[in-house]
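Dumped start-v5.tsv below, it's TSV, C-alpha atoms (C1' of nucleotides):
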```tsv
chain	number	residue	atom	x	y	z
A	1	MET	CA	0.09	-30.91	-11.11
A	2	ASP	CA	1.04	-28.12	-8.76
A	3	ASN	CA	4.39	-29.69	-8.06
A	4	GLN	CA	5.48	-29.20	-11.61
A	5	GLN	CA	4.68	-25.50	-11.47
A	6	ILE	CA	6.62	-25.10	-8.26
A	7	LYS	CA	9.60	-27.04	-9.56
A	8	GLY	CA	9.45	-25.18	-12.82
A	9	ALA	CA	9.93	-22.00	-10.84
A	10	GLY	CA	13.19	-23.40	-9.44
A	11	LEU	CA	11.69	-23.80	-5.98
A	12	LYS	CA	11.70	-26.82	-3.71
A	13	VAL	CA	8.36	-28.53	-3.31
A	14	THR	CA	7.36	-27.94	0.28
A	15	ARG	CA	4.12	-28.25	2.16
A	16	PRO	CA	3.59	-24.50	2.55
A	17	ARG	CA	4.12	-23.88	-1.14
A	18	GLU	CA	1.78	-26.69	-2.18
A	19	LYS	CA	-0.90	-25.56	0.21
A	20	ILE	CA	-0.70	-21.92	-0.76
A	21	LEU	CA	-0.85	-22.68	-4.46
A	22	SER	CA	-3.78	-24.98	-3.93
A	23	ILE	CA	-5.67	-22.33	-1.99
A	24	LEU	CA	-5.16	-19.81	-4.74
A	25	GLU	CA	-6.32	-22.32	-7.33
A	26	ARG	CA	-9.35	-23.39	-5.36
A	27	SER	CA	-10.36	-19.79	-4.75
A	28	GLY	CA	-11.54	-19.56	-8.33
A	29	HIS	CA	-10.84	-16.09	-9.52
A	30	ARG	CA	-11.24	-14.33	-6.22
A	31	HIS	CA	-8.55	-11.92	-5.20
A	32	LEU	CA	-7.00	-12.95	-1.92
A	33	SER	CA	-4.85	-10.85	0.37
A	34	ALA	CA	-1.92	-12.44	2.16
A	35	GLU	CA	-4.04	-12.36	5.28
A	36	ASP	CA	-6.86	-14.19	3.49
A	37	VAL	CA	-4.48	-16.92	2.40
A	38	TYR	CA	-3.11	-17.16	5.92
A	39	LYS	CA	-6.58	-17.52	7.40
A	40	ALA	CA	-7.53	-20.14	4.83
A	41	LEU	CA	-4.46	-22.12	5.85
A	42	LEU	CA	-5.41	-21.91	9.51
A	43	ASN	CA	-8.93	-23.07	8.70
A	44	ASN	CA	-7.42	-26.01	6.89
A	45	GLY	CA	-5.47	-26.86	10.01
A	46	ASP	CA	-2.16	-26.00	8.39
A	47	ASP	CA	0.28	-24.37	10.72
A	48	ILE	CA	2.06	-22.00	8.38
A	49	GLY	CA	3.49	-18.65	9.42
A	50	LEU	CA	2.37	-15.35	7.97
A	51	ALA	CA	5.93	-14.50	7.03
A	52	THR	CA	6.08	-17.64	4.95
A	53	VAL	CA	2.86	-16.73	3.21
A	54	TYR	CA	4.36	-13.40	2.18
A	55	ARG	CA	7.63	-14.98	1.13
A	56	VAL	CA	5.95	-17.66	-0.94
A	57	LEU	CA	3.54	-15.25	-2.60
A	58	THR	CA	6.44	-13.00	-3.55
A	59	GLN	CA	8.36	-15.96	-4.98
A	60	PHE	CA	5.31	-17.09	-6.92
A	61	GLU	CA	4.91	-13.59	-8.25
A	62	GLU	CA	8.53	-13.50	-9.40
A	63	ALA	CA	8.06	-16.88	-11.01
A	64	GLY	CA	4.98	-15.62	-12.84
A	65	LEU	CA	2.65	-18.08	-11.13
A	66	VAL	CA	0.55	-15.39	-9.51
A	67	CYS	CA	-0.16	-11.69	-10.06
A	68	ARG	CA	-0.07	-9.11	-7.33
A	69	ARG	CA	-2.59	-6.27	-7.58
A	70	HIS	CA	-2.62	-3.00	-5.71
A	71	PHE	CA	-6.17	-1.84	-5.27
A	72	GLU	CA	-6.72	1.18	-3.07
A	73	THR	CA	-7.43	-0.80	0.04
A	74	GLY	CA	-3.98	-0.53	1.53
A	75	GLN	CA	-3.16	-4.18	1.01
A	76	SER	CA	-2.06	-6.21	-1.97
A	77	VAL	CA	-4.22	-8.97	-3.38
A	78	PHE	CA	-3.09	-12.00	-5.29
A	79	GLU	CA	-4.62	-14.17	-7.97
A	80	ILE	CA	-3.45	-17.12	-10.06
A	81	ASN	CA	-1.81	-15.94	-13.26
A	82	SER	CA	-3.94	-17.53	-15.91
A	83	GLY	CA	-1.83	-16.05	-18.66
A	84	ASP	CA	-4.39	-13.75	-20.18
A	85	HIS	CA	-3.97	-10.14	-19.19
A	86	HIS	CA	-7.01	-8.39	-17.81
A	87	ASP	CA	-8.01	-5.35	-15.84
A	88	HIS	CA	-10.47	-4.83	-13.01
A	89	LEU	CA	-13.73	-3.21	-12.07
A	90	VAL	CA	-14.07	-2.87	-8.31
A	91	CYS	CA	-17.28	-2.05	-6.48
A	92	ILE	CA	-16.54	0.56	-3.83
A	93	ARG	CA	-19.49	-0.59	-1.74
A	94	CYS	CA	-19.22	-4.37	-1.61
A	95	SER	CA	-15.68	-4.81	-2.95
A	96	ARG	CA	-16.86	-7.15	-5.67
A	97	VAL	CA	-14.31	-7.49	-8.43
A	98	VAL	CA	-15.11	-8.05	-12.09
A	99	GLU	CA	-12.39	-8.77	-14.60
A	100	PHE	CA	-12.38	-7.50	-18.14
A	101	ALA	CA	-10.06	-7.18	-21.08
A	102	ASP	CA	-10.28	-4.60	-23.84
A	103	PRO	CA	-7.97	-4.79	-26.84
A	104	LEU	CA	-8.73	-1.24	-27.85
A	105	ILE	CA	-7.57	0.16	-24.52
A	106	GLU	CA	-4.45	-1.99	-24.63
A	107	GLU	CA	-3.66	-0.69	-28.05
A	108	ARG	CA	-4.12	2.94	-27.07
A	109	GLN	CA	-1.88	2.42	-24.07
A	110	GLY	CA	0.88	1.13	-26.29
A	111	ALA	CA	0.51	4.12	-28.57
A	112	ILE	CA	0.55	6.59	-25.68
A	113	ALA	CA	3.60	5.03	-24.09
A	114	ALA	CA	5.43	5.03	-27.41
A	115	GLY	CA	4.43	8.63	-28.00
A	116	HIS	CA	6.16	9.61	-24.76
A	117	GLY	CA	9.24	7.49	-25.46
A	118	PHE	CA	8.35	4.87	-22.90
A	119	ARG	CA	8.93	1.17	-23.35
A	120	ILE	CA	5.88	-0.25	-21.65
A	121	GLU	CA	6.53	-2.86	-19.03
A	122	ASN	CA	3.33	-3.24	-17.20
A	123	HIS	CA	0.17	-1.42	-16.40
A	124	SER	CA	-2.64	-1.26	-13.97
A	125	LEU	CA	-6.14	-0.13	-14.81
A	126	VAL	CA	-8.75	-0.23	-12.12
A	127	ILE	CA	-12.19	1.25	-12.49
A	128	TYR	CA	-13.94	2.00	-9.20
A	129	GLY	CA	-17.68	2.25	-9.19
A	130	VAL	CA	-20.91	0.97	-7.73
A	131	CYS	CA	-22.19	-2.36	-9.00
A	132	ALA	CA	-25.78	-2.95	-10.05
A	133	GLN	CA	-26.70	-4.80	-6.87
A	134	CYS	CA	-25.34	-2.10	-4.58
A	135	ALA	CA	-26.92	0.65	-6.67
A	136	ALA	CA	-30.32	-1.06	-6.35
A	137	GLN	CA	-30.26	-0.98	-2.57
B	1	MET	CA	-6.53	33.20	-3.23
B	2	ASP	CA	-5.80	30.03	-1.36
B	3	ASN	CA	-7.91	31.16	1.55
B	4	GLN	CA	-11.02	31.06	-0.54
B	5	GLN	CA	-10.38	27.48	-1.51
B	6	ILE	CA	-9.84	26.46	2.08
B	7	LYS	CA	-12.92	28.30	3.29
B	8	GLY	CA	-14.92	26.90	0.42
B	9	ALA	CA	-14.09	23.45	1.73
B	10	GLY	CA	-15.67	24.37	5.06
B	11	LEU	CA	-12.31	24.46	6.81
B	12	LYS	CA	-10.81	27.10	9.01
B	13	VAL	CA	-7.95	29.03	7.47
B	14	THR	CA	-4.91	28.06	9.47
B	15	ARG	CA	-1.21	28.39	8.90
B	16	PRO	CA	-0.63	24.69	8.27
B	17	ARG	CA	-3.41	24.52	5.71
B	18	GLU	CA	-2.21	27.62	3.88
B	19	LYS	CA	1.38	26.44	3.82
B	20	ILE	CA	0.53	22.95	2.62
B	21	LEU	CA	-1.71	24.22	-0.15
B	22	SER	CA	0.94	26.66	-1.23
B	23	ILE	CA	3.59	23.96	-1.38
B	24	LEU	CA	1.39	21.79	-3.54
B	25	GLU	CA	0.67	24.70	-5.84
B	26	ARG	CA	4.28	25.76	-6.10
B	27	SER	CA	5.40	22.24	-6.86
B	28	GLY	CA	4.02	22.56	-10.33
B	29	HIS	CA	2.67	19.21	-11.36
B	30	ARG	CA	5.05	17.08	-9.38
B	31	HIS	CA	3.59	14.34	-7.30
B	32	LEU	CA	4.49	14.78	-3.67
B	33	SER	CA	4.24	12.23	-0.91
B	34	ALA	CA	3.14	13.33	2.55
B	35	GLU	CA	6.77	12.98	3.56
B	36	ASP	CA	7.85	15.27	0.71
B	37	VAL	CA	5.37	17.92	1.83
B	38	TYR	CA	6.56	17.56	5.39
B	39	LYS	CA	10.19	18.02	4.37
B	40	ALA	CA	9.33	21.03	2.24
B	41	LEU	CA	7.66	22.59	5.27
B	42	LEU	CA	10.72	21.99	7.41
B	43	ASN	CA	12.94	23.53	4.74
B	44	ASN	CA	10.67	26.55	4.82
B	45	GLY	CA	11.19	26.81	8.54
B	46	ASP	CA	7.59	25.89	9.25
B	47	ASP	CA	7.16	23.73	12.29
B	48	ILE	CA	4.24	21.57	11.28
B	49	GLY	CA	3.77	18.00	12.44
B	50	LEU	CA	3.62	15.04	10.11
B	51	ALA	CA	0.26	14.03	11.55
B	52	THR	CA	-1.11	17.40	10.55
B	53	VAL	CA	0.24	16.98	7.05
B	54	TYR	CA	-1.64	13.71	6.69
B	55	ARG	CA	-4.79	15.15	8.22
B	56	VAL	CA	-4.77	18.20	6.02
B	57	LEU	CA	-4.02	16.24	2.86
B	58	THR	CA	-6.90	13.92	3.61
B	59	GLN	CA	-9.22	16.85	4.21
B	60	PHE	CA	-8.10	18.50	0.99
B	61	GLU	CA	-8.72	15.27	-0.83
B	62	GLU	CA	-12.23	15.01	0.57
B	63	ALA	CA	-12.83	18.61	-0.42
B	64	GLY	CA	-11.65	17.88	-3.96
B	65	LEU	CA	-8.72	20.29	-3.71
B	66	VAL	CA	-6.11	17.59	-4.25
B	67	CYS	CA	-5.98	14.09	-5.72
B	68	ARG	CA	-4.37	11.15	-4.00
B	69	ARG	CA	-2.66	8.58	-6.23
B	70	HIS	CA	-1.56	5.10	-5.33
B	71	PHE	CA	1.42	4.14	-7.41
B	72	GLU	CA	3.10	0.85	-6.56
B	73	THR	CA	5.70	2.43	-4.34
B	74	GLY	CA	3.98	1.75	-1.07
B	75	GLN	CA	3.16	5.36	-0.40
B	76	SER	CA	0.49	7.70	-1.65
B	77	VAL	CA	1.33	10.80	-3.63
B	78	PHE	CA	-0.70	13.97	-3.89
B	79	GLU	CA	-1.19	16.61	-6.54
B	80	ILE	CA	-3.34	19.69	-6.92
B	81	ASN	CA	-6.66	18.86	-8.51
B	82	SER	CA	-6.64	20.99	-11.60
B	83	GLY	CA	-10.03	19.72	-12.65
B	84	ASP	CA	-8.98	17.94	-15.80
B	85	HIS	CA	-8.79	14.22	-15.36
B	86	HIS	CA	-5.61	12.52	-16.47
B	87	ASP	CA	-3.71	9.28	-16.08
B	88	HIS	CA	-0.05	8.51	-15.52
B	89	LEU	CA	3.00	6.96	-17.09
B	90	VAL	CA	5.59	6.09	-14.46
B	91	CYS	CA	9.21	5.19	-15.20
B	92	ILE	CA	10.17	2.17	-13.13
B	93	ARG	CA	13.82	3.17	-13.17
B	94	CYS	CA	13.86	6.86	-12.32
B	95	SER	CA	10.28	7.28	-11.05
B	96	ARG	CA	9.63	10.09	-13.51
B	97	VAL	CA	5.91	10.68	-13.98
B	98	VAL	CA	4.26	11.83	-17.18
B	99	GLU	CA	0.63	12.75	-17.31
B	100	PHE	CA	-1.65	12.04	-20.22
B	101	ALA	CA	-5.30	12.02	-21.09
B	102	ASP	CA	-6.95	9.91	-23.72
B	103	PRO	CA	-10.61	10.43	-24.60
B	104	LEU	CA	-10.82	7.11	-26.39
B	105	ILE	CA	-9.73	5.17	-23.32
B	106	GLU	CA	-12.12	7.15	-21.13
B	107	GLU	CA	-14.95	6.35	-23.47
B	108	ARG	CA	-14.17	2.63	-23.56
B	109	GLN	CA	-14.02	2.57	-19.78
B	110	GLY	CA	-17.46	4.07	-19.57
B	111	ALA	CA	-18.79	1.47	-22.00
B	112	ILE	CA	-17.16	-1.40	-20.12
B	113	ALA	CA	-18.46	-0.24	-16.75
B	114	ALA	CA	-21.94	0.17	-18.16
B	115	GLY	CA	-21.75	-3.25	-19.77
B	116	HIS	CA	-21.15	-4.79	-16.35
B	117	GLY	CA	-23.85	-2.75	-14.66
B	118	PHE	CA	-21.41	-0.49	-12.85
B	119	ARG	CA	-21.92	3.19	-12.28
B	120	ILE	CA	-18.40	4.48	-12.68
B	121	GLU	CA	-17.12	6.63	-9.85
B	122	ASN	CA	-13.46	6.88	-10.40
B	123	HIS	CA	-10.63	5.10	-12.04
B	124	SER	CA	-6.92	4.69	-11.95
B	125	LEU	CA	-4.77	3.88	-14.96
B	126	VAL	CA	-1.05	3.73	-14.48
B	127	ILE	CA	1.32	2.53	-17.15
B	128	TYR	CA	4.69	1.40	-15.83
B	129	GLY	CA	7.63	1.38	-18.21
B	130	VAL	CA	11.10	2.62	-18.91
B	131	CYS	CA	11.47	6.18	-20.14
B	132	ALA	CA	13.63	7.14	-23.11
B	133	GLN	CA	16.42	8.54	-20.95
B	134	CYS	CA	16.67	5.45	-18.78
B	135	ALA	CA	16.46	3.15	-21.78
B	136	ALA	CA	19.38	4.99	-23.38
B	137	GLN	CA	21.69	4.33	-20.47
C	1	DT	C1'	19.15	-45.84	2.84
C	2	DA	C1'	22.00	-42.41	5.42
C	3	DA	C1'	24.13	-38.13	5.41
C	4	DC	C1'	24.90	-33.66	3.88
C	5	DA	C1'	24.45	-28.94	2.09
C	6	DA	C1'	21.49	-25.63	0.43
C	7	DG	C1'	17.33	-23.92	0.87
C	8	DA	C1'	12.82	-23.14	3.61
C	9	DT	C1'	10.32	-22.27	7.68
C	10	DG	C1'	8.47	-20.10	11.95
C	11	DC	C1'	8.68	-16.91	15.31
C	12	DG	C1'	9.26	-12.58	17.03
C	13	DA	C1'	11.18	-8.26	16.16
C	14	DA	C1'	11.36	-4.41	13.22
C	15	DA	C1'	10.42	-1.28	9.38
C	16	DG	C1'	7.57	1.98	6.84
C	17	DC	C1'	3.46	4.48	6.11
C	18	DT	C1'	-0.55	6.24	8.16
C	19	DT	C1'	-3.91	7.16	11.83
C	20	DC	C1'	-5.24	7.95	16.60
C	21	DT	C1'	-5.16	10.17	21.25
C	22	DC	C1'	-5.12	13.90	24.06
C	23	DA	C1'	-3.68	18.04	26.14
C	24	DC	C1'	-2.99	22.47	24.40
C	25	DT	C1'	-3.70	26.37	21.06
C	26	DC	C1'	-5.95	29.04	17.67
C	27	DG	C1'	-9.73	30.87	14.43
C	28	DT	C1'	-14.29	32.52	14.24
C	29	DC	C1'	-18.32	34.77	15.62
C	30	DC	C1'	-20.94	37.31	18.94
D	1	DG	C1'	-12.23	40.77	23.67
D	2	DG	C1'	-14.09	36.21	25.16
D	3	DA	C1'	-16.13	31.74	24.61
D	4	DC	C1'	-16.44	27.76	22.06
D	5	DG	C1'	-15.47	24.57	18.84
D	6	DA	C1'	-12.14	23.26	15.66
D	7	DG	C1'	-7.24	22.47	14.72
D	8	DT	C1'	-2.53	21.22	16.07
D	9	DG	C1'	1.73	18.73	17.69
D	10	DA	C1'	4.02	14.93	19.65
D	11	DG	C1'	4.23	10.52	20.52
D	12	DA	C1'	1.93	6.18	20.74
D	13	DA	C1'	-0.30	2.79	18.19
D	14	DG	C1'	-2.07	0.21	14.04
D	15	DC	C1'	-1.48	-2.16	9.86
D	16	DT	C1'	0.77	-4.45	6.28
D	17	DT	C1'	4.98	-6.28	5.01
D	18	DT	C1'	9.86	-7.66	5.62
D	19	DC	C1'	13.95	-9.23	8.24
D	20	DG	C1'	17.02	-12.15	11.20
D	21	DC	C1'	18.16	-16.25	12.91
D	22	DA	C1'	17.86	-20.79	14.93
D	23	DT	C1'	15.71	-24.92	13.46
D	24	DC	C1'	13.92	-28.16	10.24
D	25	DT	C1'	13.28	-30.20	5.16
D	26	DT	C1'	14.20	-31.28	0.61
D	27	DG	C1'	16.87	-33.16	-2.92
D	28	DT	C1'	21.06	-35.30	-3.91
D	29	DT	C1'	25.12	-37.98	-3.52
D	30	DA	C1'	27.51	-41.88	-1.76
```
Since I need it in another form, could you write the structure as structure tokens?
Amino acid sequence: MDNQQIKGAGLKVTRPREKILSILERSGHRHLSAEDVYKALLNNGDDIGLATVYRVLTQFEEAGLVCRRHFETGQSVFEINSGDHHDHLVCIRCSRVVEFADPLIEERQGAIAAGHGFRIENHSLVIYGVCAQCAAQ
Amino acid sequence: MDNQQIKGAGLKVTRPREKILSILERSGHRHLSAEDVYKALLNNGDDIGLATVYRVLTQFEEAGLVCRRHFETGQSVFEINSGDHHDHLVCIRCSRVVEFADPLIEERQGAIAAGHGFRIENHSLVIYGVCAQCAAQ
DNA sequence: TAACAAGATGCGAAAGCTTCTCACTCGTCC
DNA sequence: GGACGAGTGAGAAGCTTTCGCATCTTGTTA
């Protein structure tokens, strides 16, 4: 139940928070911008302000419910945090996003960070390219 | 000579372009934001508008003279393109940036992209962590 | 169930980075 | 040296994101 997740984050269960979480869940694994979420709410007939969307997404991020990604589009995108870390392949033509995980890369990153005296906290790996469909056109 | 690089990019050699290139070169391998470049120009006594700084940096990027990086700070940073690809370790406390290159990671990225039918164009790997100095405090 | 306090919301305003517009100026090439 | 096209500066505008504040809700206590 969504409510449990929201409560678990120490947040009150309110309509905006339920709706936003449900939109992110229903979106499958698409990566939605705050604007996308806002538009989805409007389409649903929910009258929720854009400022609230940003606030709630930030709270969800802090609570670990969602992940915020910074692709090079100038806006942040959000996705449900399914627990398993992964990185992204982004098509520069059609913006399609493919997720992947590679233990070998993760391991090397740890080694590199350690080698430079860094305690690793987080990382972001995005590969930009042209997907098969776009290349075929 | 800087002028050759600017001409080679099909751009006229103008004072703003010379000054900006020279600032980036003199900065060593620091990562400067457009604002940083602008301030450096002012300190030099050069009266060059911020809009011009952005324009020129974008042109230099298109010409391959500089690289633009998107760390998670909300602003882009620029560095001279020295030709050798590298990735970044960023300290989330003091913002220190360390560059590194890892052939193994590069190779895995190529394999992953190919496995998903992507023709790789570019990529961005940033590891965020706490550097030794900040951890010691 | 009613009332209350803390927390949430919505709206518009504002901030921060970046780009655009447009009149003016400057390189380049003849 | 002059003409033309490209480049510049200043401010306005655009975009994403955050803030401030009056109003409304949730969760709790009586």
Using only C-alpha atoms (C1' of nucleotides), what does the table of chain A residues within 9 Å of chain C look like, with each row giving the shortest atom pair and its distance in Å to one decimal, sorted by chain and ascending number, as CSV?
```
residue,atom,partner,partner_atom,distance
A:Leu11,CA,C:DG7,C1',8.9
A:Lys12,CA,C:DG7,C1',7.8
A:Thr14,CA,C:DA8,C1',8.0
A:Pro16,CA,C:DT9,C1',8.8
A:Ile48,CA,C:DG10,C1',7.6
A:Gly49,CA,C:DG10,C1',5.8
A:Leu50,CA,C:DG10,C1',8.7
A:Ala51,CA,C:DG10,C1',7.9
A:Thr52,CA,C:DT9,C1',6.8
```
Up to 9 Å from chain A, what residues of chain D turn up? Count only C-alpha atoms (C1' of nucleotides) and give them as a PDB file with C-alpha atoms (C1' of nucleotides), keeping the file's coordinate frame.
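selection07.pdb was written with the following content:
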```pdb
ATOM      1  C1'  DC D  15      -1.480  -2.160   9.860  1.00  0.00           C
ATOM      2  C1'  DT D  16       0.770  -4.450   6.280  1.00  0.00           C
ATOM      3  C1'  DT D  17       4.980  -6.280   5.010  1.00  0.00           C
ATOM      4  C1'  DT D  18       9.860  -7.660   5.620  1.00  0.00           C
ATOM      5  C1'  DT D  25      13.280 -30.200   5.160  1.00  0.00           C
ATOM      6  C1'  DT D  26      14.200 -31.280   0.610  1.00  0.00           C
ATOM      7  C1'  DG D  27      16.870 -33.160  -2.920  1.00  0.00           C
TER       8       DG D  27
END
```
Checklist entry - Which residue gives the smallest distance to chain A among B:Arg17, B:Arg26, B:His88, B:His70, with only C-alpha atoms counted? => result B:His70
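Interface residues of chain B facing chain A, defined by any atom at most 6 Å away and using only C-alpha atoms, are Ile105, Gly117, Phe118, Arg119, Ile120, Glu121, Asn122, His123, Ser124, Leu125, Val126, Ile127, Tyr128, Gly129, Val130, Cys131 and Ala132 of chain B.
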Item to check | Shell of 10 Å around B:Arg30, all atoms listed in the file, local chain residues under 6 positions omitted, as a ChimeraX atom specification | outcome: /B:24,77-80,96-98
Checklist entry - Need the neighbours of (-4.2, -25.9, 6.9): which residues are at most 12 Å away, counting all atoms listed in the file, as a count of residues only? => result 21
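Here atom C1' of D:DC24 is placed at a distance of 21.0 Å from atom CA of A:Leu57.
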Checklist entry - Which residue, A:Asp36, A:Gly64, A:Val53, A:Ser27, has the smallest gap to A:Ala9 when you use only C-alpha atoms? => result A:Gly64
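Atom pair atom CA of B:Arg93 / atom CA of A:His31: separated by 28.1 Å.
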